[in-house]
Every structure is written in structure tokens, then in C-alpha cells.
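Chemist: Right, I'll just put the structure down here and ask away after.
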Amino acid sequence: MIVLWFLIKEGFRGLWRSNYAGAFSIIIIALSLILIGFGYVAARDTLVMVENIRSQFDITIFIQPKVASAELENFTKELGNIREIERIIYISTDSAAAQFKLEFGEDIFDILDYNPLPPSFTISLKPPARNLISVEEVAARIKKFSIVDEVKYRKTFLQLLEKYQRLIFVAVVSAFIVLTLISIVLASNSIKMTIFSRRNVISTMKLVGATNNFIRAPFMIEGTLEGLIGALIAAIVIGLTFYFFNNYLQSFTGYRAIVSYRFYGGLIGLGSVIGLLGSMRAIRRFLE
Amino acid sequence: MITFFNVSCTFGKEAGVKNINLTINEGEFVFLTGSSGAGKSTLLRLIYMDLFPEKGKVVIRNFDSSKVRSSEIPFLRRKVGMIFQDFRLLEDRNVYENVALSLYVSHYKTREIRQRVYNVLNQVGLGHRVYYNSKELSGGEQQRVAIARALVKEPVVLLADEPTGNLDPRVSSDLMSLLTRINQNGTAVIVATHNYSLIPRVPNARLIQVNEGEIVNPT
């Protein structure tokens, strides 16, 4: 317990005495976390937007003309049995005509004297099934019903959506990993400068019989503190930016950035980990 | 207590020691003398295992250089006190903190650390300088802080590498008196020096002359 207290005190003391090198490490970590933080929110909101577009995606089923109502009822029941389907909307020939008038401003009966619009169903799928594979599978199953004339959905659109969503995801994950690694290396290099300036402390500690763990611990505490302070700065910068954005620019952009306390907690945790790993990497060479 | 078995350790073309066979017993006072580069410091570094022999082995109590693991070396160094010409004090700490460091690394309790540090500082005549920063002290006082730091862990042997190199003759004389007192309390003392005028100050000391890495007067 006494040793632990001594090591913590040494860690704080080291941070206090690290001067410019310590401040440099803190700034490096803060800048990296600001990039990571903004990148995360931008990517997250883009993915949410893509998911919203996906939720509006639906399949239209056109029914053969002059189908008996019993058959329609039976088909509706069958659709209800398909697990992937979330919502079914039936559009009768009359409703289709009304919709035509609404969309094109002309009555179909004025043009053709009869209503050629077939009855149809519009179905939307449950969130897990809103992907190309499931959509194609459901569409194929529906096509097998004899009363179905045609099944339509925006395949190309869905393909593009999936492609870009995957791209965004890969880009975000890669950027996160690369930025985190860069911050660990940069933090480690600046912490190394701090350690280099105190190599006499390390050699004296070795001479009096300190174990490597004993020597390492204060530097690890110091690195973690630098990461923590860097993360707090990043959290304040991100928080203030979003506050300004949401209060003064939202009316122009129509976008509102919402971040939870968990986001800030994660940022602080990540900063601490970056500082800790950076210091572990830096001290290793001095203990060899 | 300390035995060199046919030890050779060289680095570079000239420095190092060759075929050293030597035993130093508990409570002995030993002078290692010789010119600069003769191999005196190498012998001391072999004792506190800052260097390892290329040939032969050094045994210090139950620590054998040929078998010791790097994780065991700190435990050896807790039994060996070391002082140097340049004192090697932590300049950003006061006298108390410099001396207490030796005990913190050995996980002593605060009360015991305080008691031991005050005792040893009184012993080396620095009881009135406890909270001075090491930079505020004279060379002689700084060397006494280094001795206190080495002594506070009650070592079995105190190694001194040119301890008077940075001190004037009067302070050097005081320092030798202090090392003699420490030796009389049972701690073996090994002083590496090229200052031959120190030798007569310790009448019972054993003299080992080192020249070009070899012991000239083997005993």
C-alpha cells in the first residue's frame, strides 16, 4: 500500500516535472482523440442515415388482374407467415387509381376509360432482413405464388447502399485503428523524451535495487495521466464544438450532433489506454 | 563472501579484467588501486552485476553470476551499497527522499523508513540537512548523502568507486574516517581509488593492486 502510494506520487511528480515534453505528449494525444472523436460521430451518423434510407426500402407485389377476393385473403395470410416481413399494405385497384390521380394530377378513367392498374401489396422487411440477400430471397418466395404477376424492388439502389455502407464501415474502422496506433507511437515518442531526460532517475533506481516493475510503474502512471488530460481536453473541444454547432448552425445545416456521456467516457478511456501503452512502449528500451 | 573464479571481462580493446581470482571476506576493508583504466571499476561493476564475466564467474553470497536471472539482480543490489565519484543523487529531491528511495524499492513501511533514514543521516553527520535539496549541499555532504543511501539498506558490502575524486583533501580524510567507522560496524568496504594517499588512513586495510586488468599482488 505504501509502495503503491509512493509510485502514484512519483507518477504525479513525474508529470509535474516533465514540462514541455509532457505538454507535447498531452497535445498529441488530445489532437489524435479530437480526430478520432469527430471521425467517430461523423461515421456513426452517416451509418444511421444509411440505415434510415434502408428502413424506407420496400417491395411492391403486383397481383394478376381479376383475382378472387378469397385468393387475395389467402395470399395476405401467406405473406403474414413470412418471418422477415414487418409491414403489409394492400393497395386495391381503386386505391391505385386514387394514388395515380394524386401523383399525376389526372384521373385514369379520363385517359383510358377503364382502370388498368392492378391491385398490389407494398411490404417492408424487418431491420435484420433489410439486405440484398434477404430481399432477393423473400422476393423469390413471393414470386412463386400463382396470383403474383410481378415483384419489384430497387435492386441497384440496394446494391449501392450496401456497397457504400461497407465502405464507410471499413474506412471508419481502419481510420480508428490507424489513428489510435499513430497516437500511441507519437505519445510513446514524446514520453520517451520525458524518460530520456530522467534516465539518471532510472539508473539510480536500478543501483539501489529497484525491480523493473517498480521503475516502470511511475512512468506508466505518468503516461496514463497524460492520456487522461489529453482526453479531457479532446472531450472539452468536441463538446464545445457540438454545443456551438447544435445551437448556432443547426438551422442552416439541419443536422444535430448528439453524443452521449458514454462517448465521452469512451474517449477518456481511450486516451488513458493510449497514454498507458505509449509509456509502456517508451520505457521498455530504457529497461533493457 | 565475494569470490571471483578465473574471471575475464573485456570491453573494447584495452579495458576490462583478465583471469581474476579473488576472495573478499565479510567485514574486510579492501583498497583496489591502480591507474585509470586498470580495471578497478570493472571489478566493482562485476560485483554489483552491472557487467557479467565472459569467462569464469563471480559469486556474491548466494548470487552466482553464471546462474543469476536478470529479475534477481535487484535483490543482490539491495545487499550491496554503492557510492560513486559523481554521487549520483537525484537532484530534484531532498536528502530524505534520496536516502529513503533505497528503502521504498525494498517495500519498507513508512515508519521504519523514517526511523532508518534519520538514524543513518545522523550517523553520517547530516541530521541537520534532512530536508535540504541535494543541490544545496557541498560535495562532501553530497557524498555523505550517497553513503547514507547505500548504508540505509544495511548492505553486506559497500562499494566505493573513486569516492574522493571530487572532494578536497580535508573532506576526503573525513570521508575515509566515516568509511572506517562503517567497516568497524561489520560492513565490508571496497574502495577503488588511484589516490594512494588514502591508504595509510586505514591501517588494517587489504591492498589489491590492479594493472592492465590483472591483479599484481595476488593474496
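By convention in this document, the chains of the C-alpha cells carry letters A, B, ... by their order, each chain's residues are numbered from 1, and ligands are numbered from 1 in the order they are shown.
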Could you list, with a cut-off of 10 Å and counting only C-alpha atoms, the residues of range 35-103 of chain A near range 255-262 of chain A, each shown with its nearest atom pair and the distance in Å rounded to one decimal, rows sorted by chain and ascending number, as JSON lines?

Modeler:
{"residue": "A:Val41", "atom": "CA", "partner": "A:Ala257", "partner_atom": "CA", "distance": 7.6}
{"residue": "A:Ala42", "atom": "CA", "partner": "A:Ala257", "partner_atom": "CA", "distance": 8.7}
{"residue": "A:Asp45", "atom": "CA", "partner": "A:Ala257", "partner_atom": "CA", "distance": 8.1}

Chemist: Excluding Thr76 in chain A and residues on its chain fewer than 5 positions from it, collect all residues at most 10 Å away from it, counting only C-alpha atoms, and give them as a list in words.

Modeler: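 Within the cut-off, the hits are Ala70, Glu71, Asn81, Ile88, Ile89, Tyr90 and Phe121 of chain A.
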
Chemist: Can you check which parts of chain B lie within 12 Å of chain A? Per residue, the shortest pair of atoms and distance in Å to one decimal, counting only C-alpha atoms, sorted by chain and number, as JSON lines.

Modeler:
{"residue": "B:Arg45", "atom": "CA", "partner": "A:Leu207", "partner_atom": "CA", "distance": 10.7}
{"residue": "B:Tyr48", "atom": "CA", "partner": "A:Leu207", "partner_atom": "CA", "distance": 8.4}
{"residue": "B:Met49", "atom": "CA", "partner": "A:Leu207", "partner_atom": "CA", "distance": 10.0}
{"residue": "B:Asp50", "atom": "CA", "partner": "A:Leu207", "partner_atom": "CA", "distance": 8.9}
{"residue": "B:Ser70", "atom": "CA", "partner": "A:Thr211", "partner_atom": "CA", "distance": 9.6}
{"residue": "B:Ser71", "atom": "CA", "partner": "A:Thr211", "partner_atom": "CA", "distance": 7.2}
{"residue": "B:Glu72", "atom": "CA", "partner": "A:Thr211", "partner_atom": "CA", "distance": 8.6}
{"residue": "B:Ile73", "atom": "CA", "partner": "A:Gly209", "partner_atom": "CA", "distance": 7.5}
{"residue": "B:Pro74", "atom": "CA", "partner": "A:Gly209", "partner_atom": "CA", "distance": 4.0}
{"residue": "B:Phe75", "atom": "CA", "partner": "A:Gly209", "partner_atom": "CA", "distance": 6.1}
{"residue": "B:Leu76", "atom": "CA", "partner": "A:Gly209", "partner_atom": "CA", "distance": 7.3}
{"residue": "B:Arg77", "atom": "CA", "partner": "A:Gly209", "partner_atom": "CA", "distance": 4.7}
{"residue": "B:Arg78", "atom": "CA", "partner": "A:Gly209", "partner_atom": "CA", "distance": 5.0}
{"residue": "B:Lys79", "atom": "CA", "partner": "A:Gly209", "partner_atom": "CA", "distance": 8.5}
{"residue": "B:Val80", "atom": "CA", "partner": "A:Val208", "partner_atom": "CA", "distance": 8.3}
{"residue": "B:Gly81", "atom": "CA", "partner": "A:Val208", "partner_atom": "CA", "distance": 7.5}
{"residue": "B:Met82", "atom": "CA", "partner": "A:Leu207", "partner_atom": "CA", "distance": 7.5}
{"residue": "B:Ile83", "atom": "CA", "partner": "A:Leu207", "partner_atom": "CA", "distance": 9.7}
{"residue": "B:Phe84", "atom": "CA", "partner": "A:Leu207", "partner_atom": "CA", "distance": 10.9}
{"residue": "B:Asp86", "atom": "CA", "partner": "A:Asn200", "partner_atom": "CA", "distance": 11.7}
{"residue": "B:Phe87", "atom": "CA", "partner": "A:Thr204", "partner_atom": "CA", "distance": 10.1}
{"residue": "B:Arg88", "atom": "CA", "partner": "A:Thr204", "partner_atom": "CA", "distance": 6.7}
{"residue": "B:Leu89", "atom": "CA", "partner": "A:Thr204", "partner_atom": "CA", "distance": 7.5}
{"residue": "B:Leu90", "atom": "CA", "partner": "A:Val201", "partner_atom": "CA", "distance": 6.4}
{"residue": "B:Glu91", "atom": "CA", "partner": "A:Val201", "partner_atom": "CA", "distance": 9.3}
{"residue": "B:Asp92", "atom": "CA", "partner": "A:Arg17", "partner_atom": "CA", "distance": 9.1}
{"residue": "B:Arg93", "atom": "CA", "partner": "A:Val201", "partner_atom": "CA", "distance": 10.5}
{"residue": "B:Glu97", "atom": "CA", "partner": "A:Phe6", "partner_atom": "CA", "distance": 10.9}
{"residue": "B:Asn98", "atom": "CA", "partner": "A:Thr204", "partner_atom": "CA", "distance": 9.7}
{"residue": "B:Val99", "atom": "CA", "partner": "A:Val208", "partner_atom": "CA", "distance": 9.8}
{"residue": "B:Ala100", "atom": "CA", "partner": "A:Val208", "partner_atom": "CA", "distance": 10.3}
{"residue": "B:Leu101", "atom": "CA", "partner": "A:Val208", "partner_atom": "CA", "distance": 7.6}
{"residue": "B:Ser102", "atom": "CA", "partner": "A:Val208", "partner_atom": "CA", "distance": 5.3}
{"residue": "B:Leu103", "atom": "CA", "partner": "A:Val208", "partner_atom": "CA", "distance": 8.6}
{"residue": "B:Tyr104", "atom": "CA", "partner": "A:Val3", "partner_atom": "CA", "distance": 6.4}
{"residue": "B:Val105", "atom": "CA", "partner": "A:Ala210", "partner_atom": "CA", "distance": 5.0}
{"residue": "B:Ser106", "atom": "CA", "partner": "A:Ala210", "partner_atom": "CA", "distance": 7.4}
{"residue": "B:His107", "atom": "CA", "partner": "A:Val3", "partner_atom": "CA", "distance": 6.0}
{"residue": "B:Tyr108", "atom": "CA", "partner": "A:Val3", "partner_atom": "CA", "distance": 8.1}
{"residue": "B:Lys109", "atom": "CA", "partner": "A:Ile2", "partner_atom": "CA", "distance": 6.6}
{"residue": "B:Thr110", "atom": "CA", "partner": "A:Ile2", "partner_atom": "CA", "distance": 6.9}
{"residue": "B:Arg111", "atom": "CA", "partner": "A:Ile2", "partner_atom": "CA", "distance": 10.4}
{"residue": "B:Glu112", "atom": "CA", "partner": "A:Ile2", "partner_atom": "CA", "distance": 11.5}
{"residue": "B:Ile113", "atom": "CA", "partner": "A:Ile2", "partner_atom": "CA", "distance": 10.7}
{"residue": "B:Ala146", "atom": "CA", "partner": "A:Val208", "partner_atom": "CA", "distance": 10.6}
{"residue": "B:Ile147", "atom": "CA", "partner": "A:Val208", "partner_atom": "CA", "distance": 11.7}
{"residue": "B:Ala148", "atom": "CA", "partner": "A:Val208", "partner_atom": "CA", "distance": 11.7}
{"residue": "B:Arg149", "atom": "CA", "partner": "A:Val208", "partner_atom": "CA", "distance": 8.1}
{"residue": "B:Ala150", "atom": "CA", "partner": "A:Val208", "partner_atom": "CA", "distance": 7.5}
{"residue": "B:Leu151", "atom": "CA", "partner": "A:Val208", "partner_atom": "CA", "distance": 10.6}
{"residue": "B:Val152", "atom": "CA", "partner": "A:Val208", "partner_atom": "CA", "distance": 10.4}
{"residue": "B:Lys153", "atom": "CA", "partner": "A:Val208", "partner_atom": "CA", "distance": 8.9}
{"residue": "B:Glu154", "atom": "CA", "partner": "A:Val208", "partner_atom": "CA", "distance": 11.8}
{"residue": "B:Pro155", "atom": "CA", "partner": "A:Val208", "partner_atom": "CA", "distance": 10.6}
{"residue": "B:Leu158", "atom": "CA", "partner": "A:Val208", "partner_atom": "CA", "distance": 12.0}
{"residue": "B:Leu159", "atom": "CA", "partner": "A:Leu207", "partner_atom": "CA", "distance": 11.5}

Chemist: Out of range 19-117 of chain A, which residues get alpha helix (DSSP H) from DSSP, as a VMD selection string?

Modeler: chain A and resid 19 to 55 69 to 80 93 to 104 108 to 112

Chemist: What is the CA of Asn52 in chain A-CA of Arg83 in chain A distance in Å, reported with one decimal?

Modeler: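 Between CA of Asn52 in chain A and CA of Arg83 in chain A the gap is 21.0 Å.
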
Chemist: In Å to one decimal, how far is CA of Ser188 in chain A from CA of Leu267 in chain A?

Modeler: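 One can read the CA of Leu267 in chain A to CA of Ser188 in chain A distance as 18.3 Å.
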
Chemist: Any idea what's packed within 9 Å of range 119-121 of chain B, counting only C-alpha atoms, ignoring anything in its chain fewer than 2 positions away? Could you give it as a ChimeraX atom specification?

Modeler: /B:95-96,99,114-117,123-130,144-145,148-149,151-152

Chemist: Do you know which residues are at most 9 Å from Ile208 in chain B counting only C-alpha atoms, after dropping those on the same chain fewer than 5 positions away, and could you put them as a list in words?

Modeler: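 That gives Val30, Phe31, Leu32, Thr33, Gly34, Ile215, Val216, Asn217, Pro218 and Thr219 of chain B.
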
Chemist: Going by DSSP on the backbone, which residues of range 148-212 of chain B come out as strand (DSSP E)? List them as a list in words.

Modeler: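 Strand (DSSP E) assignments inside range 148-212 of chain B correspond to Val157, Leu158, Leu159, Ala160, Asp161, Ala188, Val189, Ile190, Val191, Ala192, Thr193, Arg206, Leu207, Ile208, Gln209, Val210 and Asn211 of chain B.
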
Chemist: Rank nothing, just name the residue among A:Thr93, A:Ser134, A:Asn246, A:Ser197 nearest to Pro119 in chain A, using only C-alpha atoms.

Modeler: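 Distance minimum relative to Pro119 in chain A lands on A:Thr93.
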
Chemist: For the atom pair CA of Asn131 in chain A and CA of Glu78 in chain A, what is the interatomic distance in Å to one decimal place?

Modeler: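 Between these atoms lies a distance of 21.5 Å.
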
Chemist: Please provide as a list in words all residues within 12 Å of Val185 in chain A, with the sequence filter that same-chain residues fewer than 6 positions apart are discarded (counting only C-alpha atoms).

Modeler: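 Final neighbour list, sorted by chain and number: Ser25, Ile28, Ile29, Ser32, Val178, Leu179, Ile191, Lys192, Ile274, Gly275, Leu276, Leu277, Gly278, Ser279, Met280, Arg281 and Ala282 of chain A.
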
Chemist: Using only C-alpha atoms, can you tell me which of A:Ala217, A:Leu102, A:Leu270, A:Leu31 comes closest to Phe12 in chain A?

Modeler: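 Smallest separation from Phe12 in chain A among the options: A:Ala217.
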
Chemist: Skip Val7 in chain B itself and residues of its chain fewer than 6 positions away, then list as a tab-separated table (two decimals) with all heavy atoms, in the first residue's frame all residues within 10 Å of it, counting only C-alpha atoms.

Modeler:
chain	number	residue	atom	x	y	z
B	17	VAL	N	39.04	-6.80	-17.33
B	17	VAL	CA	39.91	-7.57	-16.43
B	17	VAL	C	40.15	-8.96	-17.02
B	17	VAL	O	39.34	-9.45	-17.81
B	17	VAL	CB	39.29	-7.70	-15.01
B	17	VAL	CG1	39.27	-6.35	-14.31
B	17	VAL	CG2	37.89	-8.30	-15.07
B	18	LYS	N	41.27	-9.58	-16.61
B	18	LYS	CA	41.63	-10.90	-17.17
B	18	LYS	C	42.00	-11.87	-16.05
B	18	LYS	O	42.77	-11.52	-15.15
B	18	LYS	CB	42.84	-10.75	-18.11
B	18	LYS	CG	42.53	-10.06	-19.43
B	18	LYS	CD	43.79	-9.73	-20.21
B	18	LYS	CE	44.33	-8.37	-19.77
B	18	LYS	NZ	45.52	-7.92	-20.47
B	19	ASN	N	41.49	-13.02	-16.12
B	19	ASN	CA	41.85	-14.13	-15.23
B	19	ASN	C	41.94	-13.73	-13.76
B	19	ASN	O	42.94	-13.97	-13.10
B	19	ASN	CB	43.20	-14.73	-15.66
B	19	ASN	CG	43.16	-15.15	-17.11
B	19	ASN	OD1	42.16	-15.72	-17.56
B	19	ASN	ND2	44.22	-14.87	-17.84
B	20	ILE	N	40.90	-13.11	-13.26
B	20	ILE	CA	40.91	-12.65	-11.87
B	20	ILE	C	40.43	-13.77	-10.94
B	20	ILE	O	39.36	-14.35	-11.14
B	20	ILE	CB	39.98	-11.42	-11.70
B	20	ILE	CG1	40.44	-10.25	-12.60
B	20	ILE	CG2	39.86	-11.00	-10.24
B	20	ILE	CD1	41.71	-9.55	-12.17
B	21	ASN	N	41.26	-14.07	-9.96
B	21	ASN	CA	40.87	-14.99	-8.88
B	21	ASN	C	41.02	-14.20	-7.59
B	21	ASN	O	42.10	-13.72	-7.27
B	21	ASN	CB	41.77	-16.21	-8.85
B	21	ASN	CG	41.40	-17.17	-9.99
B	21	ASN	OD1	40.33	-17.75	-10.00
B	21	ASN	ND2	42.30	-17.30	-10.96
B	22	LEU	N	39.93	-14.06	-6.87
B	22	LEU	CA	39.97	-13.15	-5.71
B	22	LEU	C	38.85	-13.52	-4.74
B	22	LEU	O	37.74	-13.85	-5.17
B	22	LEU	CB	39.77	-11.71	-6.22
B	22	LEU	CG	39.64	-10.58	-5.21
B	22	LEU	CD1	40.96	-10.36	-4.48
B	22	LEU	CD2	39.24	-9.28	-5.93
B	43	LEU	N	35.95	-4.36	-11.84
B	43	LEU	CA	35.78	-5.33	-10.74
B	43	LEU	C	34.55	-4.99	-9.90
B	43	LEU	O	33.77	-5.87	-9.53
B	43	LEU	CB	37.05	-5.34	-9.87
B	43	LEU	CG	38.29	-6.00	-10.48
B	43	LEU	CD1	39.50	-5.84	-9.57
B	43	LEU	CD2	38.04	-7.49	-10.73
B	46	LEU	N	31.41	-5.79	-11.75
B	46	LEU	CA	31.16	-7.24	-11.76
B	46	LEU	C	30.50	-7.67	-10.45
B	46	LEU	O	29.68	-8.58	-10.43
B	46	LEU	CB	32.46	-8.00	-11.98
B	46	LEU	CG	33.00	-8.00	-13.42
B	46	LEU	CD1	34.49	-8.37	-13.44
B	46	LEU	CD2	32.21	-8.96	-14.29
B	52	PHE	N	28.85	-8.70	-16.69
B	52	PHE	CA	28.95	-10.15	-16.45
B	52	PHE	C	30.23	-10.69	-17.09
B	52	PHE	O	30.62	-10.23	-18.16
B	52	PHE	CB	27.72	-10.87	-17.02
B	52	PHE	CG	26.51	-10.64	-16.18
B	52	PHE	CD1	25.71	-9.52	-16.38
B	52	PHE	CD2	26.19	-11.52	-15.15
B	52	PHE	CE1	24.61	-9.30	-15.58
B	52	PHE	CE2	25.09	-11.30	-14.35
B	52	PHE	CZ	24.30	-10.18	-14.56
B	53	PRO	N	30.87	-11.66	-16.44
B	53	PRO	CA	32.12	-12.18	-16.99
B	53	PRO	C	31.91	-12.90	-18.32
B	53	PRO	O	30.87	-13.53	-18.52
B	53	PRO	CB	32.59	-13.20	-15.93
B	53	PRO	CG	31.74	-12.97	-14.74
B	53	PRO	CD	30.48	-12.33	-15.19
B	54	GLU	N	32.91	-12.78	-19.18
B	54	GLU	CA	32.88	-13.58	-20.40
B	54	GLU	C	33.39	-14.98	-20.09
B	54	GLU	O	33.00	-15.96	-20.71
B	54	GLU	CB	33.81	-12.95	-21.45
B	54	GLU	CG	33.22	-11.69	-22.06
B	54	GLU	CD	34.29	-10.70	-22.47
B	54	GLU	OE1	35.48	-11.06	-22.50
B	54	GLU	OE2	33.92	-9.54	-22.74
B	55	LYS	N	34.29	-15.01	-19.11
B	55	LYS	CA	34.85	-16.29	-18.67
B	55	LYS	C	34.81	-16.32	-17.15
B	55	LYS	O	34.98	-15.28	-16.51
B	55	LYS	CB	36.31	-16.40	-19.14
B	55	LYS	CG	36.56	-17.58	-20.10
B	55	LYS	CD	37.97	-17.53	-20.63
B	55	LYS	CE	39.01	-17.72	-19.51
B	55	LYS	NZ	40.39	-17.51	-20.03
B	56	GLY	N	34.64	-17.47	-16.55
B	56	GLY	CA	34.64	-17.57	-15.10
B	56	GLY	C	33.33	-17.08	-14.51
B	56	GLY	O	32.35	-16.84	-15.24
B	57	LYS	N	33.32	-16.90	-13.18
B	57	LYS	CA	32.10	-16.42	-12.54
B	57	LYS	C	32.43	-15.65	-11.27
B	57	LYS	O	33.51	-15.81	-10.68
B	57	LYS	CB	31.16	-17.58	-12.24
B	57	LYS	CG	31.71	-18.60	-11.26
B	57	LYS	CD	30.68	-19.68	-11.00
B	57	LYS	CE	31.20	-20.69	-9.99
B	57	LYS	NZ	30.22	-21.73	-9.68
B	58	VAL	N	31.46	-14.81	-10.87
B	58	VAL	CA	31.59	-14.07	-9.63
B	58	VAL	C	30.45	-14.55	-8.72
B	58	VAL	O	29.30	-14.63	-9.17
B	58	VAL	CB	31.45	-12.55	-9.86
B	58	VAL	CG1	31.70	-11.78	-8.57
B	58	VAL	CG2	32.39	-12.08	-10.94

Chemist: Near Thr60 in chain A, within 12 Å and counting only C-alpha atoms, which residues show up once chain neighbours fewer than 3 positions away are dropped, as a PDB file with N, CA and C atoms, in the first residue's frame?

Modeler:
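Below is the file that was written, out_2.pdb:
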ATOM      1  N   PHE A  57     -36.963   1.350 -47.441  1.00  0.00           N
ATOM      2  CA  PHE A  57     -36.945   0.491 -48.615  1.00  0.00           C
ATOM      3  C   PHE A  57     -38.104  -0.514 -48.557  1.00  0.00           C
ATOM      4  N   ILE A  63     -50.366  -7.900 -58.353  1.00  0.00           N
ATOM      5  CA  ILE A  63     -51.212  -9.101 -58.408  1.00  0.00           C
ATOM      6  C   ILE A  63     -51.831  -9.192 -59.803  1.00  0.00           C
ATOM      7  N   ARG A  87     -44.273  -5.208 -42.296  1.00  0.00           N
ATOM      8  CA  ARG A  87     -45.499  -4.440 -42.546  1.00  0.00           C
ATOM      9  C   ARG A  87     -46.035  -4.802 -43.935  1.00  0.00           C
ATOM     10  N   ILE A  88     -47.383  -4.965 -44.018  1.00  0.00           N
ATOM     11  CA  ILE A  88     -48.008  -5.267 -45.327  1.00  0.00           C
ATOM     12  C   ILE A  88     -49.087  -4.219 -45.587  1.00  0.00           C
ATOM     13  N   ILE A  89     -49.015  -3.602 -46.722  1.00  0.00           N
ATOM     14  CA  ILE A  89     -50.073  -2.638 -47.091  1.00  0.00           C
ATOM     15  C   ILE A  89     -50.695  -3.122 -48.414  1.00  0.00           C
ATOM     16  N   TYR A  90     -52.021  -3.274 -48.392  1.00  0.00           N
ATOM     17  CA  TYR A  90     -52.712  -3.702 -49.613  1.00  0.00           C
ATOM     18  C   TYR A  90     -53.219  -2.462 -50.357  1.00  0.00           C
ATOM     19  N   ILE A  91     -52.942  -2.409 -51.625  1.00  0.00           N
ATOM     20  CA  ILE A  91     -53.427  -1.290 -52.449  1.00  0.00           C
ATOM     21  C   ILE A  91     -54.351  -1.874 -53.526  1.00  0.00           C
ATOM     22  N   PRO A 118     -53.270  -2.670 -61.536  1.00  0.00           N
ATOM     23  CA  PRO A 118     -53.566  -3.918 -60.806  1.00  0.00           C
ATOM     24  C   PRO A 118     -53.548  -3.694 -59.298  1.00  0.00           C
ATOM     25  N   PRO A 119     -54.204  -4.563 -58.573  1.00  0.00           N
ATOM     26  CA  PRO A 119     -54.042  -4.462 -57.107  1.00  0.00           C
ATOM     27  C   PRO A 119     -52.593  -4.821 -56.744  1.00  0.00           C
ATOM     28  N   SER A 120     -52.151  -4.264 -55.672  1.00  0.00           N
ATOM     29  CA  SER A 120     -50.745  -4.575 -55.282  1.00  0.00           C
ATOM     30  C   SER A 120     -50.588  -4.572 -53.766  1.00  0.00           C
ATOM     31  N   PHE A 121     -49.472  -5.108 -53.368  1.00  0.00           N
ATOM     32  CA  PHE A 121     -49.089  -5.070 -51.944  1.00  0.00           C
ATOM     33  C   PHE A 121     -47.750  -4.343 -51.838  1.00  0.00           C
ATOM     34  N   THR A 122     -47.633  -3.539 -50.804  1.00  0.00           N
ATOM     35  CA  THR A 122     -46.311  -2.968 -50.521  1.00  0.00           C
ATOM     36  C   THR A 122     -45.873  -3.552 -49.180  1.00  0.00           C
ATOM     37  N   ILE A 123     -44.741  -4.208 -49.219  1.00  0.00           N
ATOM     38  CA  ILE A 123     -44.274  -4.791 -47.946  1.00  0.00           C
ATOM     39  C   ILE A 123     -42.921  -4.191 -47.561  1.00  0.00           C
ATOM     40  N   SER A 124     -42.762  -4.047 -46.269  1.00  0.00           N
ATOM     41  CA  SER A 124     -41.406  -3.652 -45.805  1.00  0.00           C
ATOM     42  C   SER A 124     -40.898  -4.753 -44.876  1.00  0.00           C
ATOM     43  N   LEU A 125     -39.581  -4.900 -44.865  1.00  0.00           N
ATOM     44  CA  LEU A 125     -38.994  -6.015 -44.106  1.00  0.00           C
ATOM     45  C   LEU A 125     -38.511  -5.551 -42.723  1.00  0.00           C
ATOM     46  N   VAL A 135     -33.752  -9.724 -49.187  1.00  0.00           N
ATOM     47  CA  VAL A 135     -34.762  -9.155 -50.091  1.00  0.00           C
ATOM     48  C   VAL A 135     -34.959 -10.084 -51.298  1.00  0.00           C
ATOM     49  N   VAL A 138     -36.822 -13.258 -50.168  1.00  0.00           N
ATOM     50  CA  VAL A 138     -38.256 -13.037 -49.925  1.00  0.00           C
ATOM     51  C   VAL A 138     -38.977 -12.843 -51.268  1.00  0.00           C
ATOM     52  N   ALA A 139     -38.340 -12.035 -52.146  1.00  0.00           N
ATOM     53  CA  ALA A 139     -38.957 -11.762 -53.454  1.00  0.00           C
ATOM     54  C   ALA A 139     -39.166 -13.070 -54.240  1.00  0.00           C
ATOM     55  N   ILE A 142     -42.079 -15.001 -52.869  1.00  0.00           N
ATOM     56  CA  ILE A 142     -43.377 -14.400 -53.209  1.00  0.00           C
ATOM     57  C   ILE A 142     -43.741 -14.659 -54.679  1.00  0.00           C
ATOM     58  N   LYS A 143     -42.714 -14.609 -55.511  1.00  0.00           N
ATOM     59  CA  LYS A 143     -42.938 -14.808 -56.958  1.00  0.00           C
ATOM     60  C   LYS A 143     -43.588 -16.160 -57.269  1.00  0.00           C
ATOM     61  N   VAL A 148     -49.410 -13.856 -58.102  1.00  0.00           N
ATOM     62  CA  VAL A 148     -48.444 -12.749 -58.213  1.00  0.00           C
ATOM     63  C   VAL A 148     -48.040 -12.575 -59.677  1.00  0.00           C
ATOM     64  N   ASP A 149     -48.166 -11.321 -60.122  1.00  0.00           N
ATOM     65  CA  ASP A 149     -47.795 -11.028 -61.505  1.00  0.00           C
ATOM     66  C   ASP A 149     -46.323 -10.615 -61.571  1.00  0.00           C
ATOM     67  N   GLU A 150     -45.945  -9.722 -60.650  1.00  0.00           N
ATOM     68  CA  GLU A 150     -44.585  -9.200 -60.690  1.00  0.00           C
ATOM     69  C   GLU A 150     -44.159  -8.724 -59.297  1.00  0.00           C
ATOM     70  N   VAL A 151     -42.878  -8.888 -58.976  1.00  0.00           N
ATOM     71  CA  VAL A 151     -42.346  -8.368 -57.707  1.00  0.00           C
ATOM     72  C   VAL A 151     -41.254  -7.361 -58.053  1.00  0.00           C
ATOM     73  N   LYS A 152     -41.421  -6.158 -57.513  1.00  0.00           N
ATOM     74  CA  LYS A 152     -40.444  -5.121 -57.879  1.00  0.00           C
ATOM     75  C   LYS A 152     -39.787  -4.526 -56.630  1.00  0.00           C
ATOM     76  N   TYR A 153     -38.483  -4.307 -56.739  1.00  0.00           N
ATOM     77  CA  TYR A 153     -37.756  -3.560 -55.689  1.00  0.00           C
ATOM     78  C   TYR A 153     -36.528  -2.942 -56.340  1.00  0.00           C
ATOM     79  N   ARG A 154     -35.944  -1.940 -55.631  1.00  0.00           N
ATOM     80  CA  ARG A 154     -34.826  -1.214 -56.253  1.00  0.00           C
ATOM     81  C   ARG A 154     -33.506  -1.944 -55.944  1.00  0.00           C
TER      82      ARG A 154
END

Chemist: Considering only C-alpha atoms, can you say which of A:Tyr264, A:Phe196, A:Phe252, A:Tyr114 comes closest to Ile36 in chain A?

Modeler: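 Checking each candidate against Ile36 in chain A, we get A:Tyr264 as the closest.
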